[in-house]
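Visitor: Just so it is clear, I am handing over entry-v9.txt, which has compact mmCIF, C-alpha atoms.
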# COMPACT_ATOMS: atom_id res chain seq x y z
CA MET X 1 0.00 0.00 0.00
CA SER X 2 1.40 3.40 -1.00
CA VAL X 3 1.55 6.01 1.76
CA THR X 4 0.71 9.61 0.84
CA GLN X 5 1.58 12.96 2.39
CA GLN X 6 -2.11 13.56 3.06
CA GLN X 7 -2.30 10.38 5.16
CA VAL X 8 0.63 11.63 7.20
CA LEU X 9 -1.00 15.03 7.66
CA ASP X 10 -4.29 13.39 8.66
CA SER X 11 -2.51 11.35 11.33
CA LEU X 12 -0.70 14.43 12.64
CA LYS X 13 -3.99 16.30 13.03
CA GLN X 14 -4.72 13.94 15.93
CA VAL X 15 -1.57 15.06 17.79
CA ALA X 16 -1.95 18.18 19.94
CA SER X 17 0.83 20.72 20.36
CA PRO X 18 1.71 22.10 23.84
CA ARG X 19 -0.51 25.06 22.92
CA GLY X 20 -3.49 22.76 22.48
CA VAL X 21 -3.86 23.13 18.71
CA PRO X 22 -3.43 20.26 16.22
CA LEU X 23 0.17 19.78 15.18
CA THR X 24 -0.73 20.57 11.58
CA ASN X 25 -1.98 24.02 12.65
CA ALA X 26 1.02 24.91 14.83
CA ASN X 27 3.25 26.17 11.97
CA VAL X 28 6.15 23.97 13.08
CA LEU X 29 6.27 21.22 10.43
CA SER X 30 8.93 21.05 7.74
CA ALA X 31 8.23 19.62 4.30
CA ILE X 32 7.17 15.97 4.61
CA SER X 33 9.05 13.43 2.52
CA VAL X 34 7.34 10.09 1.81
CA THR X 35 9.22 7.50 -0.25
CA ASP X 36 8.36 3.80 -0.41
CA GLY X 37 6.81 3.83 3.06
CA LYS X 38 9.70 5.85 4.57
CA VAL X 39 8.52 9.12 6.16
CA PHE X 40 10.88 11.98 7.01
CA PHE X 41 10.17 15.43 8.45
CA SER X 42 11.14 17.71 11.31
CA ILE X 43 9.31 19.77 13.93
CA ASN X 44 10.92 23.21 14.17
CA VAL X 45 10.41 25.08 17.45
CA ASP X 46 12.10 27.68 19.61
CA ALA X 47 14.78 26.17 21.83
CA ALA X 48 13.20 27.63 24.95
CA GLU X 49 10.15 25.40 24.35
CA ALA X 50 12.02 22.27 23.28
CA ARG X 51 11.42 20.28 26.48
CA ALA X 52 7.66 20.63 26.12
CA TRP X 53 7.79 19.58 22.48
CA GLU X 54 9.80 16.36 22.90
CA SER X 55 6.72 14.37 23.99
CA VAL X 56 4.87 15.79 20.97
CA ARG X 57 7.64 14.56 18.68
CA ALA X 58 7.32 11.08 20.19
CA GLN X 59 3.51 11.12 19.76
CA ALA X 60 3.89 12.28 16.15
CA GLU X 61 6.34 9.50 15.41
CA ALA X 62 4.01 6.91 16.95
CA ALA X 63 1.06 8.28 14.95
CA VAL X 64 2.96 8.11 11.67
CA ARG X 65 4.31 4.61 12.36
CA ALA X 66 0.70 3.46 12.90
CA ILE X 67 -0.27 4.35 9.31
CA PRO X 68 -0.67 1.14 7.26
CA GLY X 69 2.20 0.87 4.82
CA VAL X 70 4.70 2.97 6.80
CA ALA X 71 7.94 1.01 7.13
CA THR X 72 9.87 3.58 9.14
CA ALA X 73 9.44 7.13 10.37
CA MET X 74 12.30 9.52 11.04
CA ILE X 75 11.11 12.66 12.85
CA ALA X 76 13.50 15.22 14.31
CA LEU X 77 12.86 17.98 16.81
CA THR X 78 14.77 21.01 15.57
CA ALA X 79 15.17 23.57 18.36
CA GLU X 80 16.82 26.88 17.58
CA ARG X 81 17.41 29.95 19.71
CA LYS X 82 15.53 33.04 18.61
CA PRO X 83 17.46 36.33 18.53
CA GLY X 84 17.45 37.92 21.98
CA SER X 85 16.57 34.76 23.92
CA PRO X 86 19.00 33.51 26.61
CA GLN X 87 21.95 31.69 25.10
CA ALA X 88 22.16 28.96 27.73
CA ALA X 89 18.53 27.89 27.53
CA PRO X 90 18.59 25.71 24.40
CA ALA X 91 21.81 23.84 25.04
CA ALA X 92 20.26 20.65 26.33
CA HIS X 93 17.35 20.54 23.88
CA ARG X 94 18.85 21.21 20.52
CA HIS X 95 18.79 17.65 19.24
CA SER X 96 16.18 14.93 19.07
CA HIS X 97 16.32 11.28 20.12
CA GLY X 98 18.30 12.16 23.25
CA VAL X 99 21.41 13.19 21.31
CA GLN X 100 22.91 16.26 22.95
CA PRO X 101 25.98 18.38 22.36
CA ALA X 102 29.03 17.64 24.50
CA SER X 103 28.51 20.86 26.47
CA ALA X 104 25.16 19.54 27.73
CA HIS X 105 27.01 16.84 29.69
CA ARG X 106 29.64 19.08 31.21
CA PRO X 107 30.35 17.89 34.77
CA PRO X 108 30.60 20.18 37.81
CA GLN X 109 33.86 22.05 38.29
CA GLY X 110 36.57 19.77 39.55
CA ALA X 111 34.87 16.62 38.27
CA ALA X 112 36.40 14.50 35.52
CA ALA X 113 35.20 15.48 32.05
CA SER X 114 32.67 13.02 30.67
CA PRO X 115 31.06 14.44 27.53
CA MET X 116 30.13 10.95 26.33
CA SER X 117 27.84 10.01 29.21
CA LYS X 118 25.05 9.05 26.78
CA GLN X 119 27.09 6.31 25.15
CA ALA X 120 25.65 2.80 25.03
CA GLU X 121 26.95 -0.32 23.35
CA ILE X 122 25.08 -1.68 20.34
CA PRO X 123 23.87 -5.14 21.43
CA GLY X 124 25.80 -7.89 19.67
CA VAL X 125 28.45 -5.55 18.19
CA ALA X 126 31.90 -5.99 19.69
CA ALA X 127 33.61 -2.94 18.17
CA VAL X 128 32.47 0.11 16.22
CA ILE X 129 35.07 2.01 14.19
CA ALA X 130 34.71 5.16 12.11
CA VAL X 131 36.31 5.71 8.71
CA ALA X 132 36.61 9.46 8.34
CA SER X 133 38.22 12.23 6.34
CA GLY X 134 38.57 15.95 6.85
CA LYS X 135 37.32 16.66 3.32
CA GLY X 136 35.43 14.94 0.51
CA GLY X 137 36.87 13.42 -2.64
CA VAL X 138 39.66 11.40 -1.03
CA GLY X 139 38.10 7.95 -1.64
CA LYS X 140 36.82 7.46 1.89
CA SER X 141 33.76 5.36 1.00
CA THR X 142 35.68 3.12 -1.40
CA THR X 143 38.30 2.60 1.30
CA ALA X 144 35.69 1.92 4.00
CA LEU X 145 34.00 -0.77 1.90
CA ASN X 146 37.22 -2.50 0.86
CA LEU X 147 38.55 -2.26 4.43
CA ALA X 148 35.36 -3.97 5.65
CA LEU X 149 35.90 -6.69 3.05
CA GLY X 150 39.54 -7.03 4.09
CA LEU X 151 38.42 -7.53 7.70
CA ARG X 152 35.88 -10.09 6.48
CA ASP X 153 38.71 -12.00 4.77
CA LEU X 154 40.45 -12.22 8.15
CA GLY X 155 37.53 -14.32 9.42
CA LEU X 156 35.68 -11.54 11.24
CA ARG X 157 31.93 -10.89 11.19
CA VAL X 158 31.68 -7.40 9.74
CA GLY X 159 28.95 -4.81 9.19
CA LEU X 160 29.12 -1.59 7.18
CA LEU X 161 27.03 1.49 8.04
CA ASP X 162 26.97 4.25 5.43
CA ALA X 163 26.47 7.32 7.65
CA ASP X 164 27.32 9.80 4.90
CA ILE X 165 23.84 11.32 4.99
CA TYR X 166 24.34 13.97 2.32
CA GLY X 167 26.17 11.78 -0.16
CA PRO X 168 25.58 8.05 0.48
CA SER X 169 27.88 6.11 -1.85
CA VAL X 170 27.55 2.56 -0.54
CA PRO X 171 24.44 1.64 -2.61
CA ARG X 172 26.37 2.40 -5.82
CA LEU X 173 29.62 0.83 -4.57
CA THR X 174 27.84 -2.42 -3.66
CA GLY X 175 25.26 -2.51 -6.45
CA ILE X 176 22.44 -2.73 -3.90
CA SER X 177 19.10 -1.32 -5.04
CA GLU X 178 16.60 -3.14 -2.82
CA LYS X 179 15.01 -1.65 0.30
CA PRO X 180 15.60 -3.08 3.79
CA GLN X 181 12.77 -5.07 5.37
CA LEU X 182 11.57 -4.89 8.99
CA ASP X 183 11.78 -7.71 11.52
CA ASP X 184 9.11 -8.56 14.10
CA ASN X 185 10.44 -5.80 16.38
CA ARG X 186 10.12 -3.26 13.54
CA LYS X 187 13.88 -2.95 13.26
CA MET X 188 15.43 -2.66 9.82
CA ILE X 189 17.23 -5.78 8.63
CA PRO X 190 20.61 -4.93 7.09
CA ILE X 191 21.10 -6.12 3.53
CA LYS X 192 23.60 -8.93 3.08
CA ARG X 193 26.12 -8.54 0.30
CA PHE X 194 29.65 -9.92 -0.10
CA GLY X 195 29.39 -11.48 3.37
CA LEU X 196 28.79 -8.08 5.00
CA SER X 197 25.74 -6.72 6.84
CA ILE X 198 25.13 -3.35 5.14
CA MET X 199 22.87 -0.38 5.92
CA SER X 200 22.74 3.03 4.24
CA ILE X 201 20.42 6.03 4.22
CA GLY X 202 20.72 5.58 0.46
CA PHE X 203 18.59 2.42 0.76
CA LEU X 204 15.72 4.53 2.08
CA VAL X 205 15.68 7.37 -0.48
CA GLU X 206 16.11 7.58 -4.23
CA GLU X 207 19.64 8.11 -5.54
CA ASP X 208 18.90 11.57 -6.95
CA THR X 209 17.04 12.82 -3.85
CA ALA X 210 18.62 15.96 -2.38
CA MET X 211 19.09 15.48 1.37
CA ILE X 212 18.43 19.06 2.48
CA TRP X 213 18.49 18.34 6.21
CA ARG X 214 19.46 20.43 9.19
CA GLY X 215 21.90 19.11 11.76
CA PRO X 216 19.28 17.65 14.13
CA MET X 217 17.70 15.68 11.29
CA VAL X 218 21.11 14.28 10.37
CA MET X 219 21.70 13.31 13.98
CA SER X 220 18.30 11.58 14.23
CA ALA X 221 19.00 9.63 11.05
CA ILE X 222 22.39 8.40 12.29
CA THR X 223 20.93 7.50 15.67
CA GLN X 224 18.17 5.45 14.04
CA MET X 225 20.61 3.62 11.77
CA LEU X 226 22.70 2.72 14.79
CA ARG X 227 19.85 1.75 17.11
CA ASP X 228 16.93 0.72 14.89
CA VAL X 229 18.84 -1.82 12.78
CA ALA X 230 18.98 -5.52 13.65
CA TRP X 231 22.76 -5.83 13.30
CA GLY X 232 22.91 -9.27 14.89
CA THR X 233 26.31 -10.47 16.10
CA LEU X 234 29.28 -8.59 14.65
CA ASP X 235 32.94 -8.43 15.53
CA ILE X 236 33.33 -5.02 13.87
CA LEU X 237 30.89 -2.43 12.55
CA VAL X 238 32.65 -0.12 10.09
CA VAL X 239 30.99 3.30 9.84
CA ASP X 240 31.59 5.33 6.69
CA MET X 241 31.35 8.90 8.01
CA PRO X 242 30.51 12.04 6.06
CA PRO X 243 33.54 14.28 5.49
CA GLY X 244 34.34 17.00 7.98
CA THR X 245 34.05 17.42 11.74
CA GLY X 246 30.40 18.27 12.38
CA ASP X 247 27.17 16.94 13.85
CA ALA X 248 27.45 13.46 12.32
CA GLN X 249 30.87 12.78 13.87
CA LEU X 250 29.78 14.13 17.25
CA THR X 251 26.56 12.09 17.17
CA LEU X 252 28.46 8.87 16.56
CA ALA X 253 31.01 9.61 19.28
CA GLN X 254 28.26 10.47 21.78
CA ASN X 255 26.04 7.49 20.96
CA VAL X 256 28.45 4.57 20.99
CA PRO X 257 31.85 3.99 22.59
CA LEU X 258 33.93 4.04 19.41
CA LYS X 259 36.89 1.70 19.56
CA GLY X 260 38.78 3.79 17.05
CA ALA X 261 38.87 5.94 13.94
CA VAL X 262 40.70 5.46 10.63
CA ILE X 263 41.59 8.72 8.88
CA ILE X 264 41.74 8.73 5.06
CA SER X 265 43.88 11.31 3.27
CA THR X 266 45.62 11.85 -0.04
CA PRO X 267 49.30 12.85 -0.02
CA GLN X 268 49.01 16.56 -0.85
CA ASP X 269 49.21 19.26 1.81
CA LEU X 270 45.63 20.51 1.33
CA SER X 271 44.18 17.11 2.17
CA LEU X 272 46.58 16.61 5.08
CA ILE X 273 45.51 19.90 6.66
CA ASP X 274 41.92 18.64 6.75
CA ALA X 275 43.04 15.20 7.94
CA ARG X 276 44.73 16.89 10.92
CA ARG X 277 41.43 18.51 11.85
CA GLY X 278 39.65 15.16 11.74
CA LEU X 279 42.34 13.54 13.84
CA ALA X 280 42.22 16.38 16.38
CA MET X 281 38.44 16.12 16.62
CA PHE X 282 38.51 12.41 17.46
CA LYS X 283 41.24 12.95 20.04
CA LYS X 284 39.18 15.72 21.62
CA VAL X 285 36.26 13.32 22.18
CA ASN X 286 38.62 10.58 23.45
CA VAL X 287 38.30 8.28 20.42
CA PRO X 288 41.53 6.37 19.71
CA VAL X 289 42.98 7.02 16.26
CA LEU X 290 43.80 3.63 14.77
CA GLY X 291 45.87 5.24 12.04
CA ILE X 292 46.06 7.12 8.77
CA VAL X 293 45.66 5.65 5.27
CA GLU X 294 47.21 7.39 2.28
CA ASN X 295 44.77 6.91 -0.60
CA MET X 296 45.60 7.74 -4.24
CA SER X 297 49.18 7.48 -3.05
CA TYR X 298 50.66 7.11 -6.54
CA PHE X 299 49.60 6.25 -10.08
CA GLN X 300 51.08 3.25 -11.84
CA CYS X 301 50.43 3.16 -15.58
CA PRO X 302 48.70 -0.15 -16.46
CA GLU X 303 50.36 -0.11 -19.89
CA CYS X 304 54.01 0.70 -19.20
CA GLY X 305 54.25 0.31 -15.44
CA THR X 306 55.64 3.81 -14.94
CA ARG X 307 54.89 5.23 -11.50
CA SER X 308 53.79 8.87 -11.15
CA ASP X 309 53.27 10.67 -7.84
CA ILE X 310 50.37 12.79 -9.06
CA PHE X 311 49.49 14.19 -5.64
CA GLY X 312 52.97 13.92 -4.20
CA HIS X 313 53.86 10.90 -2.11
CA GLY X 314 54.45 9.97 1.50
CA GLY X 315 52.71 12.98 3.02
CA ALA X 316 50.31 10.88 5.10
CA ARG X 317 53.14 8.65 6.35
CA HIS X 318 55.15 11.66 7.46
CA GLU X 319 52.08 13.18 9.08
CA ALA X 320 51.38 9.96 10.99
CA GLU X 321 54.96 9.91 12.24
CA ARG X 322 54.79 13.57 13.22
CA LEU X 323 51.54 13.09 15.16
CA GLY X 324 52.55 9.77 16.70
CA VAL X 325 49.76 7.65 15.22
CA PRO X 326 50.07 4.44 13.19
CA PHE X 327 50.47 4.61 9.43
CA LEU X 328 48.18 1.89 8.09
CA GLY X 329 49.23 1.77 4.45
CA GLU X 330 49.15 3.40 1.03
CA ILE X 331 46.62 2.64 -1.71
CA PRO X 332 47.47 3.50 -5.33
CA LEU X 333 45.33 5.45 -7.77
CA HIS X 334 44.45 2.63 -10.17
CA MET X 335 41.87 2.04 -12.87
CA SER X 336 40.74 -1.31 -11.50
CA ILE X 337 39.83 0.18 -8.11
CA ARG X 338 37.79 2.89 -9.81
CA THR X 339 36.05 0.68 -12.36
CA THR X 340 35.12 -2.08 -9.92
CA SER X 341 33.73 0.53 -7.53
CA ASP X 342 31.59 2.08 -10.26
CA GLU X 343 30.31 -1.38 -11.21
CA GLY X 344 29.27 -2.22 -7.64
CA ASN X 345 31.78 -5.05 -7.50
CA PRO X 346 34.61 -3.85 -5.20
CA VAL X 347 38.17 -4.85 -5.99
CA VAL X 348 38.59 -7.07 -2.91
CA VAL X 349 35.68 -9.16 -4.24
CA SER X 350 36.30 -8.93 -7.99
CA GLU X 351 40.10 -9.41 -7.82
CA PRO X 352 40.63 -11.22 -4.49
CA ASP X 353 44.10 -12.47 -5.45
CA GLY X 354 45.25 -9.15 -6.90
CA PRO X 355 47.73 -6.70 -5.39
CA HIS X 356 45.07 -4.16 -4.38
CA ALA X 357 43.03 -6.68 -2.40
CA ALA X 358 46.26 -7.60 -0.61
CA ILE X 359 46.78 -3.94 0.34
CA TYR X 360 43.30 -3.64 1.84
CA ARG X 361 43.73 -6.91 3.75
CA ALA X 362 47.07 -5.69 5.12
CA ILE X 363 45.40 -2.49 6.34
CA GLY X 364 42.60 -4.60 7.81
CA THR X 365 45.16 -6.73 9.64
CA ARG X 366 46.70 -3.65 11.27
CA VAL X 367 43.26 -2.43 12.31
CA ARG X 368 42.25 -5.84 13.65
CA ASP X 369 45.43 -6.18 15.68
CA GLN X 370 44.64 -2.92 17.49
CA LEU X 371 41.09 -4.10 18.21
CA GLN X 372 41.94 -7.62 19.37
CA GLY X 373 41.30 -6.81 23.03
CA ALA X 374 37.87 -5.28 22.40
CA ILE X 375 36.79 -8.16 20.13
CA ALA X 376 38.04 -10.80 22.56
CA ALA X 377 36.34 -9.11 25.52
CA ALA X 378 33.02 -9.00 23.69
Could you show the structure in this file as structure tokens?
Guide:
Amino acid sequence: MSVTQQQVLDSLKQVASPRGVPLTNANVLSAISVTDGKVFFSINVDAAEARAWESVRAQAEAAVRAIPGVATAMIALTAERKPGSPQAAPAAHRHSHGVQPASAHRPPQGAAASPMSKQAEIPGVAAVIAVASGKGGVGKSTTALNLALGLRDLGLRVGLLDADIYGPSVPRLTGISEKPQLDDNRKMIPIKRFGLSIMSIGFLVEEDTAMIWRGPMVMSAITQMLRDVAWGTLDILVVDMPPGTGDAQLTLAQNVPLKGAVIISTPQDLSLIDARRGLAMFKKVNVPVLGIVENMSYFQCPECGTRSDIFGHGGARHEAERLGVPFLGEIPLHMSIRTTSDEGNPVVVSEPDGPHAAIYRAIGTRVRDQLQGAIAAA
């Protein structure tokens, strides 16, 4: 059964705002997106009123989920401070689903800092690691997928979460076009491909859909993909992060106790500057940096074998040494990595005995060795 926007609006008419008027008459609703039974919208209120509106958000979500044909509902409470209102008031209510900025958890003076007090393990998942970059265009998603496959080849049970909300690449990289189903507990079942358990926001929306979402909506989406997915039993969940150091990274660090982060960079100085920012951000929230990967490290001509350092070479290795973090390996700029990615048949799967698959497995081995304690404990 196809769900319509009007059905969603009709269900929201039954939800009263704190002012006593129907939610649809309160002038707080964003545009409502309905795609294949997936409903997305936000409730935009003044931060000073956010506490009163949280129960309304929960009622609205329950009302939408009750519509026949709705597979999942993602509703964010967006609370912003109006000009002239007290600055401190909105701090604890700016984000939905219980996700709060680090400052909201600041302990009393003299107490040990604990900005991650909302962290909770994902049942059945031994270790969660982030694959991140300070900027886009460095091959982060391709690296995250092939790293996950390299860890799989080491005998580990591996999941891959595509948390790059604005530009989900994993559906194209894996060739997955189907939508996730729900289990009896109404949790999304990750799609199995190449021996991995995979989830992406790209499975829920069309490929050409523009994700014009504010920070709180992004944070709600990431929280749901962490918590409302039936991951089962995994040794490692690899999270492909969006580029940068914003809400998505903070949400992940606040929600789950990350066992580490892998930073992807290319060799040139511009990329390394951004990689430093990413590394500093993870250190600031007490996430161990497992190491740096130098992607597009060099180009080797497939015809003559000549090697060209298009973006320079060795910059990420030198940066890792300077910052005192592990250097995990260098991945060349090669046609086969690009073509297999575009075809949805990653190089570790399509050329398992090739030199590039060996590189990804070697990086996976270095990551696994640092996580051995966490995996064994779980």
Visitor: Can you check which parts of stretch 252-346 of chain X lie within 9 Å of stretch 223-227 of chain X? Per residue, the shortest pair of atoms and distance in Å to one decimal, counting all atoms listed in the file, sorted by chain and number, as a Markdown table.
Guide:
| residue | atom | partner | partner_atom | distance |
| --- | --- | --- | --- | --- |
| X:Leu252 | CA | X:Thr223 | CA | 7.7 |
| X:Asn255 | CA | X:Thr223 | CA | 7.4 |
| X:Val256 | CA | X:Leu226 | CA | 8.7 |
Visitor: Per residue of stretch 145-252 of chain X within 8 Å of stretch 117-137 of chain X, what are the shortest atom pair and its distance in Å to one decimal, counting all atoms listed in the file, with rows by chain and residue number, as CSV?
Guide:
residue,atom,partner,partner_atom,distance
X:Leu226,CA,X:Ile122,CA,7.5
X:Arg227,CA,X:Ile122,CA,7.0
X:Trp231,CA,X:Gly124,CA,7.4
X:Gly232,CA,X:Gly124,CA,5.8
X:Thr233,CA,X:Gly124,CA,4.4
X:Leu234,CA,X:Val125,CA,4.7
X:Asp235,CA,X:Ala126,CA,4.9
X:Ile236,CA,X:Ala127,CA,4.8
X:Leu237,CA,X:Val128,CA,4.7
X:Val238,CA,X:Ile129,CA,5.2
X:Val239,CA,X:Ala130,CA,4.7
X:Asp240,CA,X:Val131,CA,5.1
X:Met241,CA,X:Ala132,CA,5.3
X:Pro242,CA,X:Ala132,CA,7.0
X:Pro243,CA,X:Lys135,CA,5.0
X:Gly244,CA,X:Gly134,CA,4.5
X:Thr245,CA,X:Gly134,CA,6.8
Visitor: Which of these, X:Asn345, X:Leu147, X:Val325, X:Leu250, has the shortest distance to X:Ile176 once you count only C-alpha atoms?
Guide: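 The answer is X:Asn345, which sits nearest to X:Ile176.
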Visitor: Applying 6 Å and all atoms listed in the file, which residues near stretch 316-320 of chain X remain after dropping the ones on its own chain fewer than 3 positions away? List them as a list of chain:residue names.
Guide: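 Skipping anything fewer than 3 positions along the chain leaves X:Pro267, X:Glu294, X:Leu323, X:Gly324, X:Val325, X:Phe327.
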Visitor: What gap, in Å, lies between atom CA of X:Thr266 and atom CA of X:Asn295?
Guide: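 Going from atom CA of X:Thr266 over to atom CA of X:Asn295 covers 5.0 Å.
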Visitor: Using only C-alpha atoms, which residue out of X:Gln5, X:Asn44, X:Gln268, X:Thr251 lies closest to X:Tyr298?
Guide: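 Ranked by minimum distance to X:Tyr298, first place goes to X:Gln268.
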Visitor: Work out how far apart atom CA of X:Val293 and atom CA of X:Val262 are and give it in Å to one decimal.
Guide: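 These two atoms are separated by 7.3 Å.
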Visitor: Return the padded bounding box of stretch 72-76 of chain X as JSON: axis-aligned, built from all atoms listed in the file, 4 Å added on each side, with centre and edge lengths in Å to one decimal.
Guide:
{"center_x": 11.5, "center_y": 9.4, "center_z": 11.7, "size_x": 12.1, "size_y": 19.6, "size_z": 13.2}
Visitor: With a distance cut-off of 6 Å and all atoms listed in the file, select the neighbouring residues of stretch 354-363 of chain X, excluding the residue or stretch itself and same-chain residues fewer than 4 positions from it, and output the selection as a count of residues only.
Guide: 4
Visitor: For atom CA of X:Leu23 and atom CA of X:Ser220, quote the distance in Å rounded to one decimal.
Guide: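 For atom CA of X:Leu23 relative to atom CA of X:Ser220, the distance reads 19.9 Å.
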Visitor: With distances taken over only C-alpha atoms, which residue among X:Glu343, X:Asp184, X:Glu351, X:Asp153 lies nearest X:Leu196?
Guide: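 Of all the options, X:Asp153 lies closest to X:Leu196.
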Visitor: Which residues are close to stretch 54-69 of chain X, i.e. within 7 Å by all atoms listed in the file, leaving aside same-chain residues fewer than 6 positions away? Reply as a PyMOL selection string.
Guide: chain X and resi 1-3+8+11-12+15+17+37+75+77
Visitor: Which of these, X:Ala71, X:Ala221, X:Leu258, X:Leu333, has the shortest distance to X:Ile201 once you count all atoms listed in the file?
Guide: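 Smallest separation from X:Ile201 among the options: X:Ala221.
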Visitor: Do a neighbour search on X:Met335 at 12 Å with only C-alpha atoms, toss out local chain neighbours closer than 3 positions, and write the hits as a PDB file with C-alpha atoms, keeping the file's coordinate frame.
Guide:
ATOM      1  CA  MET X 296      45.600   7.740  -4.240  1.00  0.00           C
ATOM      2  CA  TYR X 298      50.660   7.110  -6.540  1.00  0.00           C
ATOM      3  CA  PHE X 299      49.600   6.250 -10.080  1.00  0.00           C
ATOM      4  CA  GLN X 300      51.080   3.250 -11.840  1.00  0.00           C
ATOM      5  CA  CYS X 301      50.430   3.160 -15.580  1.00  0.00           C
ATOM      6  CA  PRO X 302      48.700  -0.150 -16.460  1.00  0.00           C
ATOM      7  CA  GLU X 303      50.360  -0.110 -19.890  1.00  0.00           C
ATOM      8  CA  PRO X 332      47.470   3.500  -5.330  1.00  0.00           C
ATOM      9  CA  ARG X 338      37.790   2.890  -9.810  1.00  0.00           C
ATOM     10  CA  THR X 339      36.050   0.680 -12.360  1.00  0.00           C
ATOM     11  CA  THR X 340      35.120  -2.080  -9.920  1.00  0.00           C
ATOM     12  CA  SER X 341      33.730   0.530  -7.530  1.00  0.00           C
ATOM     13  CA  ASP X 342      31.590   2.080 -10.260  1.00  0.00           C
ATOM     14  CA  VAL X 347      38.170  -4.850  -5.990  1.00  0.00           C
ATOM     15  CA  HIS X 356      45.070  -4.160  -4.380  1.00  0.00           C
TER      16      HIS X 356
END
